[in-house]
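See below for final29.cif, which holds mmCIF, C-alpha atoms.
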data_query
#
loop_
_atom_site.label_atom_id
_atom_site.label_comp_id
_atom_site.auth_asym_id
_atom_site.auth_seq_id
_atom_site.Cartn_x
_atom_site.Cartn_y
_atom_site.Cartn_z
CA MET A 130 105.72 75.56 106.54
CA LYS A 131 104.06 78.14 104.28
CA LYS A 132 106.81 79.27 101.96
CA ASN A 133 107.28 82.89 100.95
CA ILE A 134 106.70 83.23 97.21
CA PHE A 135 106.92 87.00 96.95
CA VAL A 136 109.76 89.16 95.68
CA GLN A 137 109.77 92.94 96.07
CA GLY A 138 109.93 94.52 92.60
CA PRO A 139 110.94 92.73 89.36
CA ILE A 140 112.53 89.28 89.21
CA ASP A 141 115.96 89.64 87.64
CA ALA A 142 117.58 87.31 85.14
CA ALA A 143 120.54 86.57 87.45
CA PHE A 144 118.13 85.24 90.09
CA ILE A 145 116.57 82.93 87.50
CA ALA A 146 120.01 81.75 86.35
CA ARG A 147 121.02 81.01 89.96
CA SER A 148 117.80 79.06 90.51
CA ILE A 149 118.65 76.86 87.52
CA GLU A 150 122.24 76.33 88.73
CA GLN A 151 121.01 75.30 92.17
CA HIS A 152 119.30 72.27 90.63
CA SER A 153 122.47 70.75 89.16
CA SER A 154 122.98 68.68 92.32
CA LYS A 155 119.52 67.10 91.94
CA THR A 156 120.61 64.54 89.37
CA GLY A 157 117.28 62.69 89.31
CA ILE A 158 115.88 65.61 87.33
CA GLY A 159 115.65 65.12 83.56
CA ALA A 160 113.45 68.09 82.65
CA HIS A 161 112.81 71.64 83.77
CA ASN A 162 109.93 73.72 82.56
CA ILE A 163 110.00 77.45 83.19
CA PHE A 164 107.30 80.06 82.76
CA LEU A 165 108.18 83.76 82.91
CA GLY A 166 105.49 86.41 83.02
CA GLN A 167 106.53 89.80 81.67
CA VAL A 168 104.70 93.10 82.10
CA ARG A 169 103.24 94.05 78.74
CA ALA A 170 103.04 97.68 77.60
CA ASP A 171 99.35 97.49 76.63
CA GLN A 172 97.92 100.41 74.71
CA VAL A 173 94.75 101.67 76.44
CA GLY A 174 93.06 104.58 74.68
CA ASP A 175 95.67 107.30 74.20
CA THR A 176 98.13 105.96 76.72
CA THR A 177 100.31 102.93 77.42
CA VAL A 178 100.94 100.75 80.47
CA SER A 179 104.31 101.74 81.91
CA ALA A 180 104.25 99.46 84.98
CA ILE A 181 102.06 97.19 87.09
CA GLU A 182 101.94 97.52 90.85
CA TYR A 183 101.08 94.26 92.63
CA THR A 184 99.49 93.78 96.02
CA THR A 185 98.40 90.60 97.80
CA TYR A 186 96.46 89.16 100.73
CA GLU A 187 99.61 87.56 102.05
CA GLU A 188 98.31 85.01 104.61
CA MET A 189 95.74 83.68 102.15
CA ALA A 190 98.24 83.63 99.27
CA TYR A 191 100.61 81.42 101.28
CA SER A 192 97.93 78.94 102.28
CA ARG A 193 96.50 78.90 98.75
CA MET A 194 99.96 78.28 97.23
CA HIS A 195 100.57 75.50 99.74
CA ALA A 196 97.32 73.82 98.62
CA ILE A 197 98.10 74.21 94.89
CA ARG A 198 101.56 72.70 95.37
CA GLU A 199 100.15 69.72 97.31
CA GLN A 200 97.62 69.14 94.55
CA LEU A 201 100.23 69.29 91.75
CA PHE A 202 102.72 67.06 93.60
CA GLU A 203 99.89 64.56 94.08
CA LYS A 204 98.96 64.64 90.40
CA HIS A 205 102.39 64.69 88.72
CA ASN A 206 105.70 62.97 89.33
CA LEU A 207 107.64 66.13 90.25
CA THR A 208 111.02 66.70 91.86
CA CYS A 209 110.39 70.34 92.72
CA LEU A 210 108.12 73.22 91.93
CA HIS A 211 109.05 76.83 92.72
CA VAL A 212 107.02 80.00 92.34
CA TYR A 213 108.16 83.62 92.64
CA HIS A 214 105.72 86.47 92.16
CA SER A 215 106.53 90.18 92.30
CA LEU A 216 104.95 92.66 94.69
CA GLY A 217 105.17 96.40 94.28
CA LYS A 218 106.04 98.07 91.02
CA VAL A 219 107.30 96.17 87.96
CA ALA A 220 108.00 98.18 84.78
CA ALA A 221 106.89 97.10 81.29
CA GLY A 222 109.42 94.62 79.94
CA GLU A 223 110.40 93.32 83.38
CA ILE A 224 109.61 89.87 84.80
CA CYS A 225 106.81 89.63 87.39
CA LEU A 226 106.26 85.86 87.62
CA PHE A 227 108.69 82.94 87.60
CA VAL A 228 107.35 79.38 87.75
CA PHE A 229 109.93 76.60 87.74
CA ALA A 230 108.85 72.93 87.57
CA SER A 231 111.37 70.09 87.61
CA ALA A 232 110.74 66.37 87.13
CA PRO A 233 112.48 63.18 86.02
CA HIS A 234 110.61 63.39 82.68
CA ARG A 235 109.36 66.29 80.57
CA GLN A 236 105.61 65.65 80.50
CA ALA A 237 105.20 66.11 84.26
CA ALA A 238 107.32 69.27 84.27
CA THR A 239 105.45 70.80 81.32
CA ASP A 240 101.98 69.97 82.64
CA ALA A 241 102.65 71.05 86.23
CA CYS A 242 104.19 74.34 85.12
CA GLY A 243 101.22 75.19 82.90
CA GLU A 244 98.68 74.18 85.54
CA MET A 245 100.49 76.23 88.18
CA VAL A 246 100.33 79.35 85.97
CA GLU A 247 96.57 78.89 85.50
CA GLU A 248 96.04 78.37 89.25
CA ILE A 249 98.01 81.54 89.98
CA LYS A 250 95.98 83.58 87.50
CA ASN A 251 92.63 82.20 88.72
CA THR A 252 92.97 81.49 92.42
CA LEU A 253 95.91 83.34 93.98
CA PRO A 254 94.83 86.52 95.83
CA VAL A 255 97.06 88.98 93.99
CA TRP A 256 95.92 92.20 92.30
CA GLY A 257 97.73 94.23 89.67
CA ARG A 258 97.21 97.92 89.16
CA GLU A 259 98.21 99.13 85.72
CA ILE A 260 100.06 102.44 85.81
CA PHE A 261 99.94 104.41 82.59
CA CYS A 262 102.49 106.73 80.97
CA ASN A 263 100.10 109.66 81.55
CA GLY A 264 100.16 109.08 85.33
CA GLU A 265 96.69 107.54 85.57
CA SER A 266 96.05 103.98 86.69
CA GLN A 267 93.41 101.24 86.71
CA TRP A 268 92.99 97.78 88.19
CA LYS A 269 94.14 95.05 85.82
CA VAL A 270 91.68 92.44 84.54
CA ASN A 271 93.18 89.04 83.67
CA GLN A 272 92.59 87.69 80.15
CA PRO A 273 91.63 84.04 79.67
CA ALA A 274 94.92 82.17 78.87
CA MET B 186 80.88 90.29 118.35
CA ALA B 187 83.70 92.07 116.54
CA ILE B 188 84.61 91.33 112.95
CA GLU B 189 87.79 92.53 111.32
CA ILE B 190 87.33 93.37 107.65
CA VAL B 191 90.20 93.66 105.21
CA ALA B 192 89.73 94.77 101.61
CA PHE B 193 91.93 94.57 98.54
CA GLY B 194 92.26 95.93 95.00
CA LYS B 195 89.37 97.94 93.67
CA ILE B 196 87.19 97.21 96.73
CA SER B 197 89.71 98.89 99.04
CA GLU B 198 89.18 102.15 97.14
CA VAL B 199 85.56 102.12 98.35
CA THR B 200 85.95 100.78 101.88
CA GLY B 201 89.55 101.52 102.79
CA THR B 202 91.92 98.63 103.48
CA GLY B 203 90.80 97.78 107.01
CA LEU B 204 87.66 98.30 109.10
CA GLN B 205 85.76 96.81 112.04
CA ALA B 206 82.14 95.73 112.27
CA GLU B 207 80.24 95.22 115.54
CA GLY B 208 77.03 93.25 115.29
CA PRO B 209 76.83 91.23 112.07
CA ASP B 210 77.00 87.53 112.99
CA THR B 211 76.62 85.95 109.54
CA THR B 212 78.25 86.70 106.18
CA GLU B 213 74.79 87.69 104.94
CA ALA B 214 74.31 90.26 107.73
CA LEU B 215 77.82 91.53 107.18
CA GLN B 216 77.23 91.97 103.46
CA GLN B 217 74.02 93.90 104.23
CA TRP B 218 75.96 96.06 106.72
CA LEU B 219 78.62 96.74 104.07
CA HIS B 220 76.11 97.53 101.33
CA ASN B 221 74.26 99.99 103.58
CA ARG B 222 77.49 101.69 104.46
CA TYR B 223 79.06 101.56 101.00
CA PRO B 224 76.26 101.46 98.39
CA ALA B 225 78.86 101.41 95.57
CA LEU B 226 79.74 97.83 96.60
CA GLN B 227 76.38 96.59 95.36
CA GLN B 228 77.52 97.14 91.77
CA MET B 229 80.95 95.58 92.25
CA ARG B 230 82.17 92.02 91.80
CA TYR B 231 83.86 90.53 94.83
CA CYS B 232 83.91 87.38 96.89
CA ILE B 233 84.25 86.93 100.64
CA ALA B 234 86.84 84.91 102.53
CA VAL B 235 86.36 84.10 106.22
CA ASN B 236 89.65 83.39 107.99
CA GLN B 237 91.34 83.02 104.58
CA GLN B 238 88.78 80.54 103.19
CA ILE B 239 86.53 81.68 100.34
CA VAL B 240 82.87 81.07 101.19
CA ASN B 241 80.40 80.30 98.41
CA SER B 242 77.26 80.39 100.56
CA HIS B 243 76.39 82.39 103.66
CA ILE B 244 77.80 81.11 106.96
CA PRO B 245 77.78 82.18 110.62
CA LEU B 246 80.77 84.35 111.54
CA PRO B 247 82.93 83.20 114.44
CA ASP B 248 83.73 85.96 116.95
CA GLY B 249 86.95 87.69 116.00
CA ALA B 250 86.80 86.39 112.43
CA GLN B 251 88.81 88.10 109.74
CA VAL B 252 86.65 88.71 106.70
CA ALA B 253 88.34 89.62 103.42
CA LEU B 254 86.65 91.34 100.48
CA LEU B 255 88.32 90.07 97.33
CA PRO B 256 87.73 91.53 93.87
CA PRO B 257 88.61 89.29 90.87
CA PHE B 258 92.27 88.26 91.07
CA SER B 259 94.71 89.71 88.54
CA GLY B 260 98.12 88.36 89.45
CA GLY B 261 100.75 87.02 87.05
#

Please re-express this file's structure in structure tokens.
Amino acid sequence: MKKNIFVQGPIDAAFIARSIEQHSSKTGIGAHNIFLGQVRADQVGDTTVSAIEYTTYEEMAYSRMHAIREQLFEKHNLTCLHVYHSLGKVAAGEICLFVFASAPHRQAATDACGEMVEEIKNTLPVWGREIFCNGESQWKVNQPA
Amino acid sequence: MAIEIVAFGKISEVTGTGLQAEGPDTTEALQQWLHNRYPALQQMRYCIAVNQQIVNSHIPLPDGAQVALLPPFSGG
């Protein structure tokens, strides 16, 4: 019932392309909205972020994601809503989050996708550790929007 | 009365990722137990989940509960 949303390492472009192709049989869909999160090479002091290493509280993440999906399906007229989040190390420039909302009409897809991203940032038990080019690391702090 | 404690992110650097507590029967008593054992926690931001549910006020702990110490989330 609780769907796995985690992918080990980065999410590759071919996987995203395949996910889009797989929706061609769902002809009631008129709009997809996709959000891709990419690891940013932030400059911190004299060094730069080279990767982020993600960990999670898996059981809680699944039940939380289940609740978010129920809430968004209740609120918007959606056909489907998929989330993939990386675990482990993702290098700067690689994709760590893929949110894919599909609906008959664009407003629902756009709103649900945006709301899902905010819910992930604020309520999903996932932690990123920023790894710097100089070998040091620190726990990531999420920025508002 | 055995409580399983799991910790994540920055908190796990202070407590380790998993530990057991015998005795505390409320979240308040458990927090006191943790703060005595790991004084550094008193200065850190974290919330508590009991059996995967975040608790916003102190509650009794069911026997065998899994308590998670969760620093601010930073996924995405």

*Tell me which residues the PyMOL selection byres ((chain B) within 6 of (chain A)) grabs here, as a ChimeraX atom specification.*
/B:194,237,258-261

*How many Å separate atom CA of B:Ile244 from atom CA of A:Glu199?*
26.9 Å

*Determine the nearest neighbour of A:Ala232 from the options A:Gly217, A:Gly174, A:Pro273, A:Gly157, counting all atoms listed in the file.*
A:Gly157

_Sel. within 6 Å of pt (83.7, 92.9, 99.4), counting only C-alpha atoms, output as a list in words_ =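 Here is the list of nearby residues: Tyr231, Leu254 and Leu255 of chain B.
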
Create the file for the chosen residues now, containing C-alpha atoms and written as an mmCIF file, keeping the file's coordinate frame.
data_model
loop_
_atom_site.group_PDB
_atom_site.id
_atom_site.type_symbol
_atom_site.label_atom_id
_atom_site.label_comp_id
_atom_site.auth_asym_id
_atom_site.auth_seq_id
_atom_site.Cartn_x
_atom_site.Cartn_y
_atom_site.Cartn_z
ATOM 1 C CA TYR B 231 83.860 90.530 94.830
ATOM 2 C CA LEU B 254 86.650 91.340 100.480
ATOM 3 C CA LEU B 255 88.320 90.070 97.330
#

Using all atoms listed in the file, list the residues that have an atom at most 9 Å from (85.3, 94.5, 112.1), coordinates as in the file, as a PDB file with C-alpha atoms, in the frame of the given file.
ATOM      1  CA  MET B 186      80.880  90.290 118.350  1.00  0.00           C
ATOM      2  CA  ALA B 187      83.700  92.070 116.540  1.00  0.00           C
ATOM      3  CA  ILE B 188      84.610  91.330 112.950  1.00  0.00           C
ATOM      4  CA  GLU B 189      87.790  92.530 111.320  1.00  0.00           C
ATOM      5  CA  ILE B 190      87.330  93.370 107.650  1.00  0.00           C
ATOM      6  CA  VAL B 191      90.200  93.660 105.210  1.00  0.00           C
ATOM      7  CA  GLY B 203      90.800  97.780 107.010  1.00  0.00           C
ATOM      8  CA  LEU B 204      87.660  98.300 109.100  1.00  0.00           C
ATOM      9  CA  GLN B 205      85.760  96.810 112.040  1.00  0.00           C
ATOM     10  CA  ALA B 206      82.140  95.730 112.270  1.00  0.00           C
ATOM     11  CA  GLU B 207      80.240  95.220 115.540  1.00  0.00           C
ATOM     12  CA  GLY B 208      77.030  93.250 115.290  1.00  0.00           C
ATOM     13  CA  GLY B 249      86.950  87.690 116.000  1.00  0.00           C
ATOM     14  CA  ALA B 250      86.800  86.390 112.430  1.00  0.00           C
ATOM     15  CA  GLN B 251      88.810  88.100 109.740  1.00  0.00           C
ATOM     16  CA  VAL B 252      86.650  88.710 106.700  1.00  0.00           C
TER      17      VAL B 252
END

*Test item: the PyMOL selection byres ((chain A and resi 207) around 12) resolved as a PyMOL selection string*: chain A and resi 157-162+198-206+208-211+229-242

*What is the atom CA of B:Ala225-atom CA of B:Val199 distance in Å, reported with one decimal?*
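A separation of 7.3 Å between them.
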
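If you look at atom CA of A:Asn263 and atom CA of A:Lys218, they are 16.1 Å away from each other.
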
Given 4 Å on each side, where is the centre and what are the edge lengths in Å to one decimal of the axis-aligned box enclosing the listed atoms of stretch 229-244 of chain A, as lines of an AutoDock Vina configuration file?
center_x = 105.6
center_y = 69.9
center_z = 84.1
size_x = 21.8
size_y = 21.4
size_z = 15.2

*asked:* Starting from the PyMOL selection byres ((chain A and resi 261) around 6), expand the selection into actual residues of this file and give them as a list of chain:residue names.
replied: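 When the PyMOL selection byres ((chain A and resi 261) around 6) is applied, the selected residues are A:Thr177, A:Val178, A:Ser179, A:Ile260, A:Cys262, A:Asn263, A:Gly264, A:Glu265, A:Ser266.
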
_With distances taken over only C-alpha atoms, which residue among B:Pro247, B:Thr200, B:Lys195, B:Ala253 lies nearest B:Asn221?_
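Looking at the shortest contact to B:Asn221, the residue is B:Thr200.
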
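For B:Asp210, the list of residues within 8 Å, based on all atoms listed in the file and with local chain neighbours fewer than 3 positions off taken out, reads Met186, Ala214, Leu215, Pro245, Leu246, Pro247 and Asp248 of chain B.
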
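Of the listed residues B:Val240, B:Thr211, B:Ile196, B:Pro256, the one whose atoms come nearest to B:Pro224 is B:Ile196, with distances taken using only C-alpha atoms.
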
If you count all atoms listed in the file, which residues fall within 12 Å of B:Ser242, apart from same-chain ones fewer than 4 positions away, as an mmCIF file with C-alpha atoms, in the coordinates of the input?
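Saved result, out05.cif, follows:
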data_model
loop_
_atom_site.group_PDB
_atom_site.id
_atom_site.type_symbol
_atom_site.label_atom_id
_atom_site.label_comp_id
_atom_site.auth_asym_id
_atom_site.auth_seq_id
_atom_site.Cartn_x
_atom_site.Cartn_y
_atom_site.Cartn_z
ATOM 1 C CA THR B 211 76.620 85.950 109.540
ATOM 2 C CA THR B 212 78.250 86.700 106.180
ATOM 3 C CA GLU B 213 74.790 87.690 104.940
ATOM 4 C CA GLN B 216 77.230 91.970 103.460
ATOM 5 C CA CYS B 232 83.910 87.380 96.890
ATOM 6 C CA ILE B 233 84.250 86.930 100.640
ATOM 7 C CA ALA B 234 86.840 84.910 102.530
ATOM 8 C CA VAL B 235 86.360 84.100 106.220
ATOM 9 C CA GLN B 238 88.780 80.540 103.190
#
